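These notes concern the structure reproduced below.
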Amino acid sequence: MSLCDPKRREVARPRSRALFLRAAAVLPGGVNSPVRAFRAVGGDPVFFVRGRGAILEDVDGNEYIDYVGSWGPLMLGHAHPEVVAAIAAAAANGTSFGAPTEAEVAFAELLCRLVPSLERVRLVSSGTEATMAALRVARGFTGRSKIVKIDGAYHGHADALLVRAGSGAATLGIPDSAGVTEGAARDTLVVPWNDLAAMERLVAAHRDATGRSEIAAVIVEPVCGNMGCVPPAPGYLQGLRALTAAHGIVLIFDEVMTGFRVALGGAQGRYGVRPDLTCLGKIAGGGLPLAAYGGRADMMGLVAPLGPVYQAGTLSGNPVAVAAGLHTLRLLAQSGPSLYEELEQRTARLCSELLGLCQEVGVPATVNHVGSMFTLFFTKGPVNDYATAKNSDVNLFAQFFRAMLDRGIYLPPSQFEAAFVSAAHTDEHVDRTLEAAREALRGLRELASPTEMAPHRG
Ligand SMILES: *Cc1c(COP(=O)(O)O)cnc(C)c1O
């Protein structure tokens, strides 16, 4: 089919279908990460053969404008020639040494230069590892056990972080996943996003007999992306900084998604708030498995071999992954603020016109965006935390997703994910996306009965 045909309905994907059936016999659910399975939107996942810039090509020869970007890493689009060349050159020299290289030093220097709060940084292979290790450092530094996370925030799949809210802000953690022991989740406390008063109550409630805080760390996505895009309320991050500092609590910004995305200096650069520890991944790895955690020198000085907090990795600082990350970040740093401004403007236009189209057809919608990350929620909103995000009509989203897919637009296959505009997306891509959305939304109105159009249907 031609790229992004707005009239298109049912698109044939027989090869994807056949591969998914084969996959299901050997991979749980046919995938290597759950949301790829399209369970939230119906239909079969699309199997891809190629990506170039903003465009993906599937095994059946269909093309799509991609707003997933491998879930965030591909700020420069698919197969950027300079990044690919850097990867090839590094691989030709050997794919792994398990010993230091110059490139990882240059990469660490660049990370510390670009991310305001980084004084020392340790490379790992996934965002999950980064958050796990950052929490270990925070517990080692404070000698305290408890940690606080935000309801609906995702920090990877480490046991202690697979916890959602219990009933009320101060409820002790209840594991979200089978296989996570109560012990692993017991020290995880959960509060709603953007509710500083709830955080203050929680901190006040968890003090020992001498009045000392029992909380080692507060970990946040400084712009939530994993409940869909939900920005911090004005002053919220500053409030967290002041509160945690007052109680000797380590403030961890999980910038795995927001790092190099919402600004070159990440959310901490954008909002001018300095966390104690930071987690990076996604864009930092330029599309290869690479992540990092770092921050204050006194805290990172506890990490082995300097100190008693153990953390290691066979492939940590892998030269091929470092080459991808280094060249991606160098290109972003060279482009400077103008690239980020351009992306933000393009994304803002996409979002405001999407909202306008929804309003035209009478579909309840809220569009949140920060920089080049955005989510179209099918609820009248506003969406400012997980509870309000969950008011979205997920059936309407699923229909919209499939209608867009059949018109050559590849969106994240879940209402509760952020979509991404990359440096490879042009105004023309945005125009074609809006054209497809107009058709898709009209189709939804025809499909939906009046009751189905009511907002706030869980
Ligand atoms: C993606 C993500 C992670 C997990 O990273 P993986 O590399 O998938 O383990 C952690 N935190 C945030 C905020 C993320 O977006």
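Starting from 1 in every chain, residues are counted up; chains themselves are A, B, ... following the order of the structure tokens, and ligands are numbered from 1 as listed.
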
Can you tell me which residues come within 9 Å of ligand 1 when counting only C-alpha atoms and all ligand atoms, ideally as a compact mmCIF listing (two decimals) with C-alpha atoms, in the first residue's frame?
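Saved as pocket_25.txt:
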# COMPACT_ATOMS: atom_id res chain seq x y z
CA SER A 33 8.01 -7.62 26.01
CA TRP A 71 9.42 3.21 22.91
CA GLY A 72 11.59 6.29 23.10
CA SER A 125 22.44 -2.37 30.03
CA SER A 126 18.79 -1.54 30.75
CA GLY A 127 16.64 1.04 32.49
CA THR A 128 15.51 -1.69 34.89
CA GLU A 129 19.08 -2.18 36.05
CA ALA A 130 19.60 1.56 36.39
CA THR A 131 16.64 2.12 38.73
CA ALA A 153 4.79 5.29 37.28
CA TYR A 154 6.96 2.61 35.68
CA HIS A 155 10.60 2.15 36.56
CA GLY A 156 11.34 -1.19 34.93
CA HIS A 157 10.53 -4.64 36.26
CA ALA A 158 12.63 -4.93 39.42
CA VAL A 220 9.79 9.75 40.11
CA GLU A 221 9.54 10.03 36.37
CA PRO A 222 9.92 13.85 36.34
CA VAL A 223 7.49 13.90 33.41
CA CYS A 224 5.36 10.78 33.62
CA GLY A 225 5.39 8.82 30.41
CA ASN A 226 4.31 5.36 31.44
CA PHE A 253 14.78 11.26 38.83
CA ASP A 254 14.13 8.30 36.57
CA GLU A 255 14.92 10.05 33.31
CA VAL A 256 15.10 6.85 31.27
CA MET A 257 12.37 8.28 29.03
CA THR A 258 12.77 12.04 29.58
CA CYS A 279 18.60 7.13 35.78
CA LEU A 280 19.11 7.27 32.02
CA GLY A 281 18.45 4.84 29.18
CA LYS A 282 16.48 4.82 25.93
CA PRO A 289 20.85 -1.86 25.06
CA LEU A 290 22.51 0.75 27.25
CA ALA A 291 21.44 2.68 30.33

List the neighbours of A:Val190 out to 6 Å using only C-alpha atoms; skip same-chain residues closer than 5 positions along the sequence, and give me the result as a list in words.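 Here the answer would be Val148, Lys149, Ile150, Asp151 and Ala165 of chain A.
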
Could you take the residues named above and write them with N, CA, C and O atoms, as a CSV table (one decimal), in the first residue's frame?
chain,number,residue,atom,x,y,z
A,148,VAL,N,9.7,5.4,48.0
A,148,VAL,CA,8.4,6.0,47.6
A,148,VAL,C,8.4,6.0,46.1
A,148,VAL,O,9.3,6.6,45.5
A,149,LYS,N,7.3,5.5,45.5
A,149,LYS,CA,7.1,5.7,44.0
A,149,LYS,C,5.7,6.2,43.8
A,149,LYS,O,4.9,6.3,44.7
A,150,ILE,N,5.5,6.6,42.6
A,150,ILE,CA,4.3,7.3,42.2
A,150,ILE,C,3.3,6.3,41.6
A,150,ILE,O,3.7,5.4,40.8
A,151,ASP,N,2.0,6.4,42.0
A,151,ASP,CA,1.0,5.5,41.4
A,151,ASP,C,1.0,5.6,39.9
A,151,ASP,O,0.8,6.7,39.3
A,165,ALA,N,-0.6,1.5,43.6
A,165,ALA,CA,-1.1,2.0,44.8
A,165,ALA,C,-2.0,1.0,45.6
A,165,ALA,O,-2.7,0.2,45.0

Give me, as a ChimeraX atom specification, the residues of stretch 236-454 of chain A that a backbone DSSP run labels strand (DSSP E or B). /A:250-254,259,263,277-280,291-295,303,309,366-370,373-377,409-410,419-420

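Surrounding stretch 50-56 of chain A within 9 Å are A:Leu3, A:Asn62, A:Glu63, A:Tyr64, A:Ile65, A:Asp66, A:Tyr67, A:Gly69, A:Leu76, A:Gly77, A:His78, A:Ala79, A:His80, A:Tyr410, A:Val421, A:Ser422, A:Ala423, A:Ala424, A:His425, A:Thr426, A:His429, with only C-alpha atoms counted and residues fewer than 5 positions along the same chain left out.
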
Which residues of stretch 287-346 of chain A sit at most 12 Å from stretch 115-120 of chain A, using only C-alpha atoms? Give each one's shortest atom pair and distance in Å (one decimal place), in chain and ascending residue order, as a Markdown table.
| residue | atom | partner | partner_atom | distance |
| --- | --- | --- | --- | --- |
| A:Ala292 | CA | A:Arg120 | CA | 10.3 |
| A:Tyr293 | CA | A:Arg120 | CA | 8.6 |
| A:Gly294 | CA | A:Arg120 | CA | 5.4 |
| A:Gly295 | CA | A:Leu118 | CA | 4.2 |
| A:Arg296 | CA | A:Glu119 | CA | 5.5 |
| A:Ala297 | CA | A:Glu119 | CA | 5.5 |
| A:Asp298 | CA | A:Arg120 | CA | 9.1 |
| A:Met299 | CA | A:Arg120 | CA | 9.0 |
| A:Met300 | CA | A:Arg120 | CA | 6.3 |
| A:Gly301 | CA | A:Arg120 | CA | 8.3 |
| A:Leu302 | CA | A:Arg120 | CA | 11.1 |
| A:Val303 | CA | A:Arg120 | CA | 10.4 |
| A:Leu329 | CA | A:Val115 | CA | 11.2 |
| A:Ala333 | CA | A:Val115 | CA | 11.3 |

Next, dump the selected residues to file, keeping only N, CA, C and O atoms, as a PDB file, in the first residue's frame.
ATOM      1  N   ALA A 292      22.122   3.990  32.249  1.00  0.00           N
ATOM      2  CA  ALA A 292      23.109   4.518  33.181  1.00  0.00           C
ATOM      3  C   ALA A 292      22.419   5.041  34.429  1.00  0.00           C
ATOM      4  O   ALA A 292      21.242   5.390  34.392  1.00  0.00           O
ATOM      5  N   TYR A 293      23.159   5.062  35.536  1.00  0.00           N
ATOM      6  CA  TYR A 293      22.682   5.779  36.705  1.00  0.00           C
ATOM      7  C   TYR A 293      23.858   6.557  37.268  1.00  0.00           C
ATOM      8  O   TYR A 293      25.018   6.186  37.093  1.00  0.00           O
ATOM      9  N   GLY A 294      23.536   7.683  37.915  1.00  0.00           N
ATOM     10  CA  GLY A 294      24.630   8.495  38.428  1.00  0.00           C
ATOM     11  C   GLY A 294      24.087   9.654  39.214  1.00  0.00           C
ATOM     12  O   GLY A 294      22.883   9.759  39.463  1.00  0.00           O
ATOM     13  N   GLY A 295      24.986  10.543  39.621  1.00  0.00           N
ATOM     14  CA  GLY A 295      24.570  11.702  40.390  1.00  0.00           C
ATOM     15  C   GLY A 295      25.679  12.186  41.292  1.00  0.00           C
ATOM     16  O   GLY A 295      26.840  12.264  40.860  1.00  0.00           O
ATOM     17  N   ARG A 296      25.307  12.485  42.529  1.00  0.00           N
ATOM     18  CA  ARG A 296      26.256  13.079  43.473  1.00  0.00           C
ATOM     19  C   ARG A 296      27.474  12.184  43.679  1.00  0.00           C
ATOM     20  O   ARG A 296      27.362  10.982  43.876  1.00  0.00           O
ATOM     21  N   ALA A 297      28.639  12.815  43.705  1.00  0.00           N
ATOM     22  CA  ALA A 297      29.885  12.067  43.841  1.00  0.00           C
ATOM     23  C   ALA A 297      29.940  11.325  45.176  1.00  0.00           C
ATOM     24  O   ALA A 297      30.463  10.207  45.252  1.00  0.00           O
ATOM     25  N   ASP A 298      29.392  11.940  46.249  1.00  0.00           N
ATOM     26  CA  ASP A 298      29.473  11.255  47.543  1.00  0.00           C
ATOM     27  C   ASP A 298      28.613   9.987  47.537  1.00  0.00           C
ATOM     28  O   ASP A 298      28.993   8.969  48.129  1.00  0.00           O
ATOM     29  N   MET A 299      27.487  10.016  46.858  1.00  0.00           N
ATOM     30  CA  MET A 299      26.636   8.825  46.781  1.00  0.00           C
ATOM     31  C   MET A 299      27.240   7.771  45.856  1.00  0.00           C
ATOM     32  O   MET A 299      27.322   6.592  46.197  1.00  0.00           O
ATOM     33  N   MET A 300      27.681   8.194  44.688  1.00  0.00           N
ATOM     34  CA  MET A 300      28.246   7.244  43.720  1.00  0.00           C
ATOM     35  C   MET A 300      29.588   6.689  44.221  1.00  0.00           C
ATOM     36  O   MET A 300      30.035   5.635  43.767  1.00  0.00           O
ATOM     37  N   GLY A 301      30.201   7.382  45.171  1.00  0.00           N
ATOM     38  CA  GLY A 301      31.431   6.887  45.786  1.00  0.00           C
ATOM     39  C   GLY A 301      31.215   5.630  46.616  1.00  0.00           C
ATOM     40  O   GLY A 301      32.177   4.965  47.016  1.00  0.00           O
ATOM     41  N   LEU A 302      29.950   5.286  46.858  1.00  0.00           N
ATOM     42  CA  LEU A 302      29.651   4.059  47.606  1.00  0.00           C
ATOM     43  C   LEU A 302      29.615   2.829  46.715  1.00  0.00           C
ATOM     44  O   LEU A 302      29.535   1.698  47.183  1.00  0.00           O
ATOM     45  N   VAL A 303      29.629   3.060  45.378  1.00  0.00           N
ATOM     46  CA  VAL A 303      29.468   1.944  44.441  1.00  0.00           C
ATOM     47  C   VAL A 303      30.795   1.182  44.300  1.00  0.00           C
ATOM     48  O   VAL A 303      31.867   1.791  44.194  1.00  0.00           O
ATOM     49  N   LEU A 329      24.162  11.142  21.130  1.00  0.00           N
ATOM     50  CA  LEU A 329      24.210  12.324  22.007  1.00  0.00           C
ATOM     51  C   LEU A 329      25.059  13.435  21.407  1.00  0.00           C
ATOM     52  O   LEU A 329      24.736  14.620  21.546  1.00  0.00           O
ATOM     53  N   ALA A 333      23.703  17.069  20.798  1.00  0.00           N
ATOM     54  CA  ALA A 333      24.391  18.213  21.404  1.00  0.00           C
ATOM     55  C   ALA A 333      24.783  19.231  20.333  1.00  0.00           C
ATOM     56  O   ALA A 333      24.692  20.441  20.548  1.00  0.00           O
TER      57      ALA A 333
END

Give me, as a VMD selection string, all polymer residues having an atom no more than 12 Å from A:Arg402, counting only C-alpha atoms and skipping those fewer than 5 positions away in the same chain. chain A and resid 8 to 11 38 40 to 46 395 to 397 407 to 414 436 to 437 440 to 441 443 to 444

Would you mind listing what lies within 9 Å of A:Ser16 as an NGL selection string, with only C-alpha atoms counted and same-chain residues fewer than 4 positions away left out? :A and (20-21 or 44-48 or 58-60)

If you keep N, CA and C atoms, can you produce a file of those selected residues as a compact mmCIF listing (two decimals), in the first residue's frame?
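The new file out01.txt reads:
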# COMPACT_ATOMS: atom_id res chain seq x y z
N PHE A 20 3.38 -14.30 13.80
CA PHE A 20 2.87 -14.22 15.18
C PHE A 20 2.44 -15.62 15.64
N LEU A 21 1.83 -16.38 14.77
CA LEU A 21 1.44 -17.75 15.13
C LEU A 21 2.68 -18.59 15.43
N ASP A 44 -3.35 -8.47 15.66
CA ASP A 44 -2.02 -9.07 15.78
C ASP A 44 -0.96 -7.98 15.73
N PRO A 45 0.14 -8.21 16.44
CA PRO A 45 1.25 -7.24 16.32
C PRO A 45 1.82 -7.26 14.89
N VAL A 46 2.40 -6.13 14.54
CA VAL A 46 3.01 -5.99 13.21
C VAL A 46 4.49 -6.38 13.33
N PHE A 47 4.95 -7.21 12.43
CA PHE A 47 6.37 -7.58 12.39
C PHE A 47 7.07 -6.68 11.38
N PHE A 48 8.17 -6.08 11.81
CA PHE A 48 8.85 -5.11 10.95
C PHE A 48 10.13 -5.68 10.36
N ASP A 58 6.78 -3.01 7.23
CA ASP A 58 6.50 -4.32 7.84
C ASP A 58 6.81 -5.46 6.87
N VAL A 59 6.68 -6.69 7.36
CA VAL A 59 7.06 -7.86 6.55
C VAL A 59 6.14 -8.07 5.35
N ASP A 60 4.99 -7.38 5.34
CA ASP A 60 4.07 -7.48 4.21
C ASP A 60 4.24 -6.32 3.23
